[in-house]
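What follows is input26.cif (mmCIF, C-alpha atoms).
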```cif
data_upload
loop_
_atom_site.label_atom_id
_atom_site.label_comp_id
_atom_site.auth_asym_id
_atom_site.auth_seq_id
_atom_site.Cartn_x
_atom_site.Cartn_y
_atom_site.Cartn_z
CA MET A 1 20.95 -5.03 4.48
CA ILE A 2 18.15 -2.54 3.89
CA GLN A 3 14.71 -4.14 4.02
CA CYS A 4 12.44 -3.40 1.08
CA LEU A 5 8.99 -4.78 0.31
CA CYS A 6 7.85 -4.42 -3.29
CA VAL A 7 4.22 -5.20 -4.14
CA VAL A 8 3.36 -5.46 -7.84
CA GLN A 9 0.37 -6.65 -9.85
CA GLU A 10 0.70 -9.98 -11.66
CA GLY A 11 1.23 -9.64 -15.38
CA GLN A 12 2.21 -5.98 -15.29
CA ILE A 13 5.98 -6.24 -14.74
CA SER A 14 8.07 -8.36 -17.11
CA ALA A 15 10.95 -10.51 -15.89
CA ASN A 16 13.39 -8.09 -17.50
CA GLN A 17 11.73 -5.11 -15.79
CA GLU A 18 11.80 -6.96 -12.48
CA ALA A 19 15.53 -7.60 -12.79
CA ILE A 20 16.20 -3.92 -13.55
CA LEU A 21 13.94 -2.74 -10.73
CA ARG A 22 15.64 -5.05 -8.23
CA THR A 23 19.05 -3.77 -9.26
CA GLU A 24 18.07 -0.10 -9.34
CA THR A 25 16.24 -0.33 -6.01
CA SER A 26 19.18 -2.03 -4.36
CA ASP A 27 21.59 0.52 -5.83
CA PHE A 28 19.36 3.28 -4.42
CA ALA A 29 19.60 1.70 -0.97
CA GLN A 30 23.38 1.32 -1.26
CA ARG A 31 23.81 4.90 -2.41
CA ASN A 32 21.59 6.49 0.25
CA PHE A 33 21.60 4.08 3.18
CA GLY A 34 24.97 2.41 2.90
CA ALA A 35 23.87 -1.15 2.18
CA ALA A 36 22.21 -3.16 -0.56
CA ALA A 37 18.49 -3.88 -0.35
CA GLU A 38 17.08 -7.20 0.76
CA ILE A 39 14.03 -7.20 -1.47
CA GLN A 40 10.83 -9.09 -0.70
CA TRP A 41 8.97 -9.20 -4.02
CA LEU A 42 5.23 -9.81 -3.62
CA GLN A 43 3.13 -10.33 -6.73
CA VAL A 44 -0.59 -9.73 -6.27
CA PRO A 45 -2.44 -12.46 -8.20
CA GLU A 46 -4.49 -11.31 -11.16
CA GLY A 47 -7.93 -10.18 -10.03
CA SER A 48 -6.74 -9.74 -6.44
CA GLY A 49 -5.55 -6.13 -6.42
CA PHE A 50 -7.85 -3.12 -6.09
CA THR A 51 -7.27 0.62 -5.89
CA GLU A 52 -10.22 2.94 -5.30
CA GLY A 53 -12.35 -0.22 -5.43
CA VAL A 54 -11.43 -1.12 -9.01
CA PRO A 55 -8.67 -3.38 -10.45
CA SER A 56 -5.31 -1.96 -9.46
CA THR A 57 -2.31 -1.06 -11.57
CA SER A 58 -0.40 0.29 -8.57
CA VAL A 59 2.99 -0.70 -7.23
CA ILE A 60 3.95 -0.21 -3.59
CA VAL A 61 7.60 0.14 -2.57
CA ASN A 62 8.19 0.14 1.17
CA MET A 63 11.81 0.60 2.29
CA THR A 64 13.28 0.95 5.77
CA ALA A 65 16.07 3.51 6.09
CA ASP A 66 19.22 2.96 8.11
CA ARG A 67 18.53 6.04 10.25
CA SER A 68 15.83 8.51 11.19
CA LEU A 69 15.28 10.97 8.38
CA ALA A 70 14.24 14.62 8.55
CA PRO A 71 11.39 15.57 6.19
CA SER A 72 13.80 17.68 4.12
CA GLU A 73 15.92 14.59 3.55
CA ARG A 74 13.11 12.07 3.14
CA GLU A 75 11.09 13.88 0.46
CA PRO A 76 13.78 13.94 -2.25
CA LEU A 77 14.57 10.30 -1.49
CA LEU A 78 10.90 9.35 -1.87
CA ARG A 79 10.85 11.23 -5.16
CA GLU A 80 14.01 9.56 -6.44
CA LEU A 81 12.78 6.09 -5.52
CA GLY A 82 9.41 6.79 -7.10
CA GLN A 83 11.01 7.97 -10.33
CA ILE A 84 13.05 4.77 -10.54
CA TRP A 85 9.82 2.80 -10.42
CA GLU A 86 7.90 5.10 -12.76
CA ARG A 87 10.66 4.76 -15.34
CA HIS A 88 11.42 1.06 -15.19
CA ALA A 89 7.95 -0.26 -14.34
CA GLU A 90 6.43 2.11 -16.89
CA ARG A 91 3.90 3.45 -14.40
CA GLY A 92 2.47 6.93 -14.04
CA PRO A 93 3.08 8.88 -10.82
CA ASP A 94 -0.41 8.06 -9.57
CA GLU A 95 0.41 4.34 -9.88
CA VAL A 96 3.51 4.43 -7.68
CA VAL A 97 3.40 4.54 -3.88
CA THR A 98 6.73 4.83 -2.09
CA ALA A 99 7.33 4.71 1.64
CA ILE A 100 10.65 5.18 3.43
CA ARG A 101 10.32 4.26 7.07
CA ASP A 102 12.58 5.08 9.96
CA PRO A 103 14.15 1.95 11.51
CA SER A 104 12.57 0.12 14.44
CA VAL A 105 9.16 1.77 14.20
CA MET B 1 -1.97 4.60 1.56
CA PRO B 2 -3.89 3.12 3.24
CA VAL B 3 -2.84 -0.32 2.06
CA TYR B 4 -5.00 -3.20 3.23
CA VAL B 5 -3.75 -6.76 2.77
CA VAL B 6 -6.22 -9.63 3.06
CA ASN B 7 -4.35 -12.88 3.64
CA SER B 8 -6.36 -16.09 3.79
CA LYS B 9 -6.18 -19.83 3.64
CA PRO B 10 -6.60 -21.13 0.08
CA GLU B 11 -10.16 -20.97 -1.24
CA THR B 12 -11.41 -19.35 1.97
CA VAL B 13 -12.17 -16.09 0.18
CA PRO B 14 -13.82 -17.05 -3.14
CA GLU B 15 -12.70 -15.13 -6.22
CA PRO B 16 -16.07 -13.44 -6.88
CA THR B 17 -16.16 -12.05 -3.35
CA LYS B 18 -12.83 -10.22 -3.58
CA ALA B 19 -14.23 -7.27 -5.49
CA LEU B 20 -17.10 -7.04 -3.01
CA ILE B 21 -14.79 -7.12 0.00
CA ALA B 22 -12.44 -4.60 -1.64
CA ARG B 23 -15.38 -2.29 -2.28
CA ASP B 24 -16.49 -2.63 1.35
CA ILE B 25 -12.99 -2.04 2.73
CA THR B 26 -12.66 1.07 0.58
CA GLN B 27 -16.04 2.42 1.66
CA ILE B 28 -15.48 1.60 5.33
CA HIS B 29 -12.11 3.33 5.40
CA CYS B 30 -13.49 6.40 3.64
CA ASN B 31 -16.66 6.57 5.72
CA VAL B 32 -14.81 6.27 9.02
CA THR B 33 -11.87 8.53 8.24
CA GLY B 34 -13.12 10.89 5.53
CA ALA B 35 -10.15 9.95 3.34
CA PRO B 36 -10.63 9.91 -0.43
CA ALA B 37 -11.13 6.51 -2.09
CA LYS B 38 -8.25 7.34 -4.43
CA PHE B 39 -5.82 6.55 -1.62
CA VAL B 40 -7.21 3.10 -0.73
CA HIS B 41 -5.41 -0.03 -1.95
CA VAL B 42 -6.66 -3.56 -1.17
CA PHE B 43 -4.61 -6.64 -2.04
CA PHE B 44 -5.57 -10.31 -1.54
CA PHE B 45 -3.17 -13.20 -1.02
CA GLU B 46 -3.63 -16.87 -0.20
CA ASN B 47 -1.13 -18.16 2.34
CA GLY B 48 0.90 -15.01 1.80
CA PRO B 49 3.70 -13.95 4.12
CA ILE B 50 1.99 -10.77 5.32
CA PRO B 51 0.27 -10.79 7.73
CA PRO B 52 1.03 -14.24 9.17
CA LEU B 53 -2.18 -16.27 9.32
CA GLY B 54 -1.55 -18.26 12.47
CA GLU B 55 -4.72 -20.12 13.35
CA GLN B 56 -6.98 -17.67 11.52
CA SER B 57 -8.76 -18.41 8.24
CA ALA B 58 -8.32 -14.80 7.15
CA MET B 59 -6.34 -11.83 8.37
CA VAL B 60 -6.75 -8.23 7.27
CA TYR B 61 -3.82 -5.89 7.88
CA GLY B 62 -4.20 -2.20 7.23
CA GLN B 63 -1.27 0.15 7.04
CA ILE B 64 -2.93 3.52 7.60
CA ARG B 65 -1.80 7.08 8.12
CA SER B 66 -1.11 8.15 11.70
CA GLY B 67 -3.63 10.41 13.37
CA ARG B 68 -6.75 8.27 13.46
CA THR B 69 -8.41 7.90 16.86
CA ASP B 70 -8.67 4.61 18.70
CA ALA B 71 -12.44 4.73 18.14
CA GLN B 72 -11.96 5.14 14.38
CA LYS B 73 -9.53 2.22 14.27
CA ALA B 74 -11.86 0.02 16.30
CA GLN B 75 -14.72 0.87 13.94
CA ILE B 76 -12.59 0.06 10.90
CA CYS B 77 -11.61 -3.31 12.35
CA SER B 78 -15.14 -4.22 13.39
CA ASP B 79 -16.77 -3.23 10.09
CA MET B 80 -14.12 -4.91 7.94
CA GLN B 81 -14.33 -8.11 9.96
CA ALA B 82 -18.10 -8.12 9.41
CA SER B 83 -17.63 -7.63 5.66
CA VAL B 84 -15.17 -10.50 5.30
CA CYS B 85 -17.37 -12.78 7.42
CA LYS B 86 -20.45 -11.91 5.38
CA HIS B 87 -18.93 -12.34 1.92
CA ALA B 88 -16.71 -15.34 2.71
CA ALA B 89 -19.23 -17.04 5.02
CA LEU B 90 -16.77 -17.17 7.91
CA ASP B 91 -17.33 -17.00 11.66
CA PRO B 92 -15.94 -13.86 13.35
CA SER B 93 -13.62 -16.08 15.36
CA GLU B 94 -11.88 -17.03 12.09
CA VAL B 95 -11.18 -13.47 10.93
CA GLN B 96 -8.85 -10.95 12.52
CA VAL B 97 -8.35 -7.34 11.45
CA PHE B 98 -5.67 -4.96 12.70
CA THR B 99 -4.01 -1.74 11.64
CA THR B 100 -0.67 -0.04 12.13
CA ASP B 101 0.07 3.67 11.86
CA THR B 102 2.50 5.23 9.40
CA PRO B 103 3.27 8.97 9.44
CA ALA B 104 1.89 10.61 6.30
CA SER B 105 5.23 12.32 5.75
CA TRP B 106 6.88 8.93 5.19
CA VAL B 107 4.79 8.17 2.11
CA MET B 108 4.64 9.61 -1.41
CA GLU B 109 1.83 8.92 -3.84
CA GLY B 110 1.28 10.58 -7.17
CA GLY B 111 4.65 12.27 -6.75
CA ASP B 112 3.56 14.17 -3.62
CA VAL B 113 4.08 13.47 0.07
CA LEU B 114 0.73 12.39 1.50
CA PRO B 115 -1.31 14.92 3.47
CA GLU B 116 -1.97 14.72 7.17
CA PRO B 117 -5.46 13.44 8.02
CA GLY B 118 -7.98 16.21 7.43
CA GLU B 119 -5.84 17.96 4.82
CA GLU B 120 -6.83 15.69 1.93
CA ASP B 121 -9.06 18.16 0.04
CA ALA B 122 -6.33 20.77 -0.26
CA TRP B 123 -3.82 18.07 -1.23
CA LEU B 124 -6.08 16.66 -3.93
CA ALA B 125 -6.81 20.10 -5.35
CA ALA B 126 -3.12 20.97 -5.52
CA HIS B 127 -2.25 17.55 -6.91
CA GLU B 128 -4.90 17.69 -9.62
CA ALA B 129 -3.82 21.20 -10.60
CA LYS B 130 -0.24 19.99 -10.87
CA VAL B 131 -1.27 17.03 -13.02
CA ALA B 132 -3.40 19.26 -15.25
CA SER B 133 -0.52 21.70 -15.80
CA ALA B 134 2.09 19.01 -16.46
CA PRO B 135 3.21 18.65 -20.07
CA SER B 136 1.67 15.57 -21.66
CA ALA B 137 4.03 12.74 -22.57
#
```

As structure tokens, how would this structure be written, given the file I've shared?
Amino acid sequence: MIQCLCVVQEGQISANQEAILRTETSDFAQRNFGAAAEIQWLQVPEGSGFTEGVPSTSVIVNMTADRSLAPSEREPLLRELGQIWERHAERGPDEVVTAIRDPSV
Amino acid sequence: MPVYVVNSKPETVPEPTKALIARDITQIHCNVTGAPAKFVHVFFFENGPIPPLGEQSAMVYGQIRSGRTDAQKAQICSDMQASVCKHAALDPSEVQVFTTDTPASWVMEGGDVLPEPGEEDAWLAAHEAKVASAPSA
């Protein structure tokens, strides 16, 4: 399984959106890293998330790849993962942070 | 990025203090590293899974970009511990702060791979120009 931590703000992602995001994120992992994602979904309680010191609307998606990635390979993957979240979480680009880590680091 | 997670025992960090601690964490990170506040995220959890609390009343975990010096990281940890202790009325022995490094090239924010430390101004200028030239939805 591909580990993936998703941090979202309470009240900003509906149950239907969450289901779609889980599926799409796992499909992304399967397609690019050869296994489904094991998703840890963390919801930041209302009033407990801040970006730039003010209430946050950001989502953070932190996935661990199955192999070390070259920058030329990682960047389009980061972009694809980010676009999945922009589309289905209805967030702007500035509200989506994606990280794809090499394994065992 | 950076992402700071403040995990605490229930009711250890009172609700009204969260905004104050988040403001301090943002300012401390920016003052020590020179990074723009735009990049700084601070999330609070009670008995959350990350970072494990152990015997502590509160833990602060910062995932920051690689390239900061040991002195910068020590300053960040010391100043943030002082902020949490001050606002939550905790003893320093009850609060632990630590950071881990993540290469900037592993992270995308605003649709762009994050800059290396020290290259933020050029990144922000290019990013804002891109946003300004993008067709509106």

- Message: With the PyMOL selection byres ((chain A and resi 83-94) around 8) as the selection, what would be picked from this file? Answer as a PyMOL selection string, please.
- Response: (chain A and resi 13+17-18+20-21+24-25+58+79-82+95-97) or (chain B and resi 109-111)

task: Find the residues in chain A near chain B: any atom within 6 Å counts, using all atoms listed in the file. Write them as a PyMOL selection string.
output: chain A and resi 48-53+93-94+97-100

In Å and to one decimal, atom CA of A:Asp66 is distant from atom CA of A:Pro103 by 6.2 Å

Which residues are near A:Ala65? Cut-off 9 Å, only C-alpha atoms, ignore same chain within fewer than 6 positions. Put them as a PDB file with C-alpha atoms, in the frame of the given file.
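Writing done, so here's around-v2.pdb:
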```pdb
ATOM      1  CA  ILE A   2      18.150  -2.540   3.890  1.00  0.00           C
ATOM      2  CA  GLN A   3      14.710  -4.140   4.020  1.00  0.00           C
ATOM      3  CA  ALA A  29      19.600   1.700  -0.970  1.00  0.00           C
ATOM      4  CA  ASN A  32      21.590   6.490   0.250  1.00  0.00           C
ATOM      5  CA  PHE A  33      21.600   4.080   3.180  1.00  0.00           C
ATOM      6  CA  ILE A 100      10.650   5.180   3.430  1.00  0.00           C
ATOM      7  CA  ARG A 101      10.320   4.260   7.070  1.00  0.00           C
ATOM      8  CA  ASP A 102      12.580   5.080   9.960  1.00  0.00           C
ATOM      9  CA  PRO A 103      14.150   1.950  11.510  1.00  0.00           C
TER      10      PRO A 103
END
```

*What lies within 8 Å of B:Ala35 using all atoms listed in the file, ignoring chain neighbours under 2 positions off, as a ChimeraX atom specification?*
/B:29-31,33,37,39,117-118,120

Take the residues from that selection and put them in a file with C-alpha atoms, as an mmCIF file, in the coordinates of the input.
```
data_model
loop_
_atom_site.group_PDB
_atom_site.id
_atom_site.type_symbol
_atom_site.label_atom_id
_atom_site.label_comp_id
_atom_site.auth_asym_id
_atom_site.auth_seq_id
_atom_site.Cartn_x
_atom_site.Cartn_y
_atom_site.Cartn_z
ATOM 1 C CA HIS B 29 -12.110 3.330 5.400
ATOM 2 C CA CYS B 30 -13.490 6.400 3.640
ATOM 3 C CA ASN B 31 -16.660 6.570 5.720
ATOM 4 C CA THR B 33 -11.870 8.530 8.240
ATOM 5 C CA ALA B 37 -11.130 6.510 -2.090
ATOM 6 C CA PHE B 39 -5.820 6.550 -1.620
ATOM 7 C CA PRO B 117 -5.460 13.440 8.020
ATOM 8 C CA GLY B 118 -7.980 16.210 7.430
ATOM 9 C CA GLU B 120 -6.830 15.690 1.930
#
```

Separating atom CA of A:Gln12 from atom CA of A:Phe28, to the nearest tenth of an Å, is a gap of 22.3 Å

Can you translate the PyMOL selection byres ((chain B and resi 62) around 8) into the concrete residues it hits in this file, as a PyMOL selection string? chain B and resi 2-5+60-61+63-64+97-100

Which centre and edge lengths in Å to one decimal define the box along x, y and z that fits every listed atom of stretch 84-97 of chain A plus 4 Å per side, as lines of an AutoDock Vina configuration file?
```
center_x = 6.3
center_y = 4.3
center_z = -10.4
size_x = 21.5
size_y = 17.1
size_z = 21.0
```

- Query: Once the PyMOL selection byres ((chain B and resi 96) around 8) has been applied to the shown file, what residues remain in the selection, as an NGL selection string?
  - Reply: :B and (56 or 58-60 or 81 or 92-95 or 97-98)

(Q) Between atom CA of A:Val61 and atom CA of B:Ala74, what distance in Å does the model show, to one decimal? (A)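 Taking atom CA of A:Val61 and atom CA of B:Ala74, their separation equals 27.1 Å.
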
Sel. within 7 Å of pt (8.9, -8.3, -1.5), counting only C-alpha atoms, output as an NGL selection string:
:A and (4-7 or 39-42)

**Study point:** Nearest to A:Val44 by atom-to-atom distance, counting all atoms listed in the file, from B:Leu124, B:Val32, B:Asn7, B:Leu53
**Key:**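 The shortest atom-to-atom distance to A:Val44 comes from B:Asn7.
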